[in-house]
Amino acid sequence: QLCFVTENFGKEMKQARATRKGLRWFDREYLLPDFVTTFRGSVRLPEPLQRKKEMEEMEKIKKEMDRLNDEKEKKELEDEAKDLSNMQVVEESKAKEGKSVVNGSEEKQGRKTCKSRKSKKGKKKRKHTNDKQDNEDGDMDDSGNESDEETDQQRLQRLKTMREAERKRREQDSLERQALAMSVERFAIPEVLFRPSDIGLDSGGISEAIAESIEACDPIFRAAMYHNVLLVGGNAKIPGFRDRVESELRKLAPMNYEVRVYLPEDPASYAWEGAKQFSSNMRFQEDFSVDRLSWEAMKKTGKTQQEIWGKKMYNISKGR
């Protein structure tokens with residue numbers, strides 16, 4: 001969606017003046033349909049904002065790779081320390097069992113040899129890993145950590161590929177479809193619903209109109225009406241609309257009243273659905289409506305609208 005309602009109109013306008021167009025968080029481009037391949041428009045990020053987003057994603061992946069490498073090195077050090085600790089425990093245990101010095105010396109020499117072999121094997125493995133990182137065409141190792149690193153490298157490559165594909169797609173779209181740059185218009189136009197004075201209309205906004213309507217009712221009904229405000233119509237689907245109405249209405253309502261604003265699932269057709277249910281009532285035609293033939297007949301007899309609708313309006317007001 002292009003339009004949205006903000007609760008900080010002044011702040012957003014100040015940011016718009018301080019930030020270059022195309023880099024504001026609310027900047028978008030609307031692609032008009034070409035009426036050949038598509039009959040619907042689409043929305044996309046401006047190219048500067050798209051590049052900024054891609055750079056942030058690549059930086060995030062690099063940080064994640066650094067974190068995984070640090071965790072891997074830390075795990076290796078912990079494993080080495082654990083091996084040394086286990087070896088010391090074994091040596092102390094066998095020493096307490098009273099084995100001979102000769103046998104103990106032979107076992108110690110064997111452990112040193114084993115440790116040396118493990119150390120050499122670990123060095124060869126780390127060297128092999130570094131060689132594979134330097135060589136992009138190298139084969140993947142069987143270990144899980146190496147697979148993770150290779151996956152991150154592939155993600156970086158995928159982002160670069162997507163970036164190049166996006167650039168080519170934009171070039172193609174610019175040749176075939178017209179793009180309209182949208183910036184402050186996205187929230188400045190819906191702002192007129194809340195501040196009609198911005199376009200020279202001497203009237204209050206939606207929130208003021210709701211408050212005035214409620215205050216015009218009997219005091220006994222006001223608390224319940226502030227507690228049951230229902231938004232209908234297509235404009236109610238604008239993101240942030242309900243929150244803005246509820247926030248402003250809370251400032252206008254008495255402190256001891258609870259304000260609650262409802263937004264139905266489909267506000268555009270909600271009023272029609274209500275009228276449909278009301279008209280489906282068995283007593284609707286008899287108590288609340290006049291058919292065309294009766295209307296024309298009563299008009300010919302000279303009856304006024306007050307005389308025609310007098311009883312009907314009485315039934316409506318009493319909810320009969």
# chains A, B, ... in the order shown; residues from 1 in each chain; ligands from 1
>>> select_by_dssp(residues="region 139-314 of chain A", states="strand (DSSP E)", output="JSON, numbers by chain")
{"A": [179, 180, 181, 182, 229, 230, 261, 262]}
>>> residues_around(residues="Ser207 (chain A)", least_positions_apart="3", cutoff="6 Å", atoms="only C-alpha atoms", output="list in words")
Ile210, Val245 and Leu249 of chain A
>>> residues_around(residues="Glu258 (chain A)", least_positions_apart="3", cutoff="8 Å", atoms="only C-alpha atoms", output="list in words")
Ala223, Tyr226, His227 and Met255 of chain A
>>> closest_residue(among="A:Gln15, A:Asn235, A:Asn86, A:Gln285", to="Ala268 (chain A)", atoms="only C-alpha atoms")
A:Asn235
>>> closest_residue(among="A:Asp287, A:Arg17, A:Leu159, A:Gly200", to="Lys60 (chain A)", atoms="only C-alpha atoms")
A:Leu159
>>> atom_distance(atom1="CA of Ala253 (chain A)", atom2="CA of Met225 (chain A)")
10.7 Å
>>> closest_atom_pairs(of="region 190-262 of chain A", to="region 271-279 of chain A", cutoff="10 Å", atoms="only C-alpha atoms", output="JSON lines")
{"residue": "A:Leu231", "atom": "CA", "partner": "A:Ala271", "partner_atom": "CA", "distance": 9.5}
{"residue": "A:Val232", "atom": "CA", "partner": "A:Ala271", "partner_atom": "CA", "distance": 6.5}
{"residue": "A:Gly233", "atom": "CA", "partner": "A:Ala271", "partner_atom": "CA", "distance": 7.7}
>>> write_last_selection(atoms="all heavy atoms", output="mmCIF file, in the first residue's frame")
data_model
loop_
_atom_site.group_PDB
_atom_site.id
_atom_site.type_symbol
_atom_site.label_atom_id
_atom_site.label_comp_id
_atom_site.auth_asym_id
_atom_site.auth_seq_id
_atom_site.Cartn_x
_atom_site.Cartn_y
_atom_site.Cartn_z
ATOM 1 N N LEU A 231 -15.304 2.097 12.700
ATOM 2 C CA LEU A 231 -14.823 2.738 11.485
ATOM 3 C C LEU A 231 -15.270 1.939 10.274
ATOM 4 O O LEU A 231 -15.035 0.729 10.201
ATOM 5 C CB LEU A 231 -13.294 2.842 11.497
ATOM 6 C CG LEU A 231 -12.672 3.625 12.655
ATOM 7 C CD1 LEU A 231 -11.147 3.582 12.556
ATOM 8 C CD2 LEU A 231 -13.148 5.068 12.657
ATOM 9 N N VAL A 232 -15.888 2.604 9.309
ATOM 10 C CA VAL A 232 -16.320 1.959 8.072
ATOM 11 C C VAL A 232 -15.871 2.819 6.896
ATOM 12 O O VAL A 232 -15.545 3.997 7.048
ATOM 13 C CB VAL A 232 -17.858 1.758 8.037
ATOM 14 C CG1 VAL A 232 -18.299 0.812 9.130
ATOM 15 C CG2 VAL A 232 -18.578 3.090 8.163
ATOM 16 N N GLY A 233 -15.869 2.218 5.719
ATOM 17 C CA GLY A 233 -15.446 2.937 4.525
ATOM 18 C C GLY A 233 -14.041 2.539 4.098
ATOM 19 O O GLY A 233 -13.243 2.030 4.897
#
>>> atom_distance(atom1="CA of Val229 (chain A)", atom2="CA of Glu248 (chain A)")
12.8 Å
>>> closest_residue(among="A:Leu252, A:Tyr262, A:Glu91, A:Arg40", to="Leu230 (chain A)", atoms="only C-alpha atoms")
A:Tyr262
>>> atom_distance(atom1="CA of Lys21 (chain A)", atom2="CA of Ala181 (chain A)")
9.4 Å
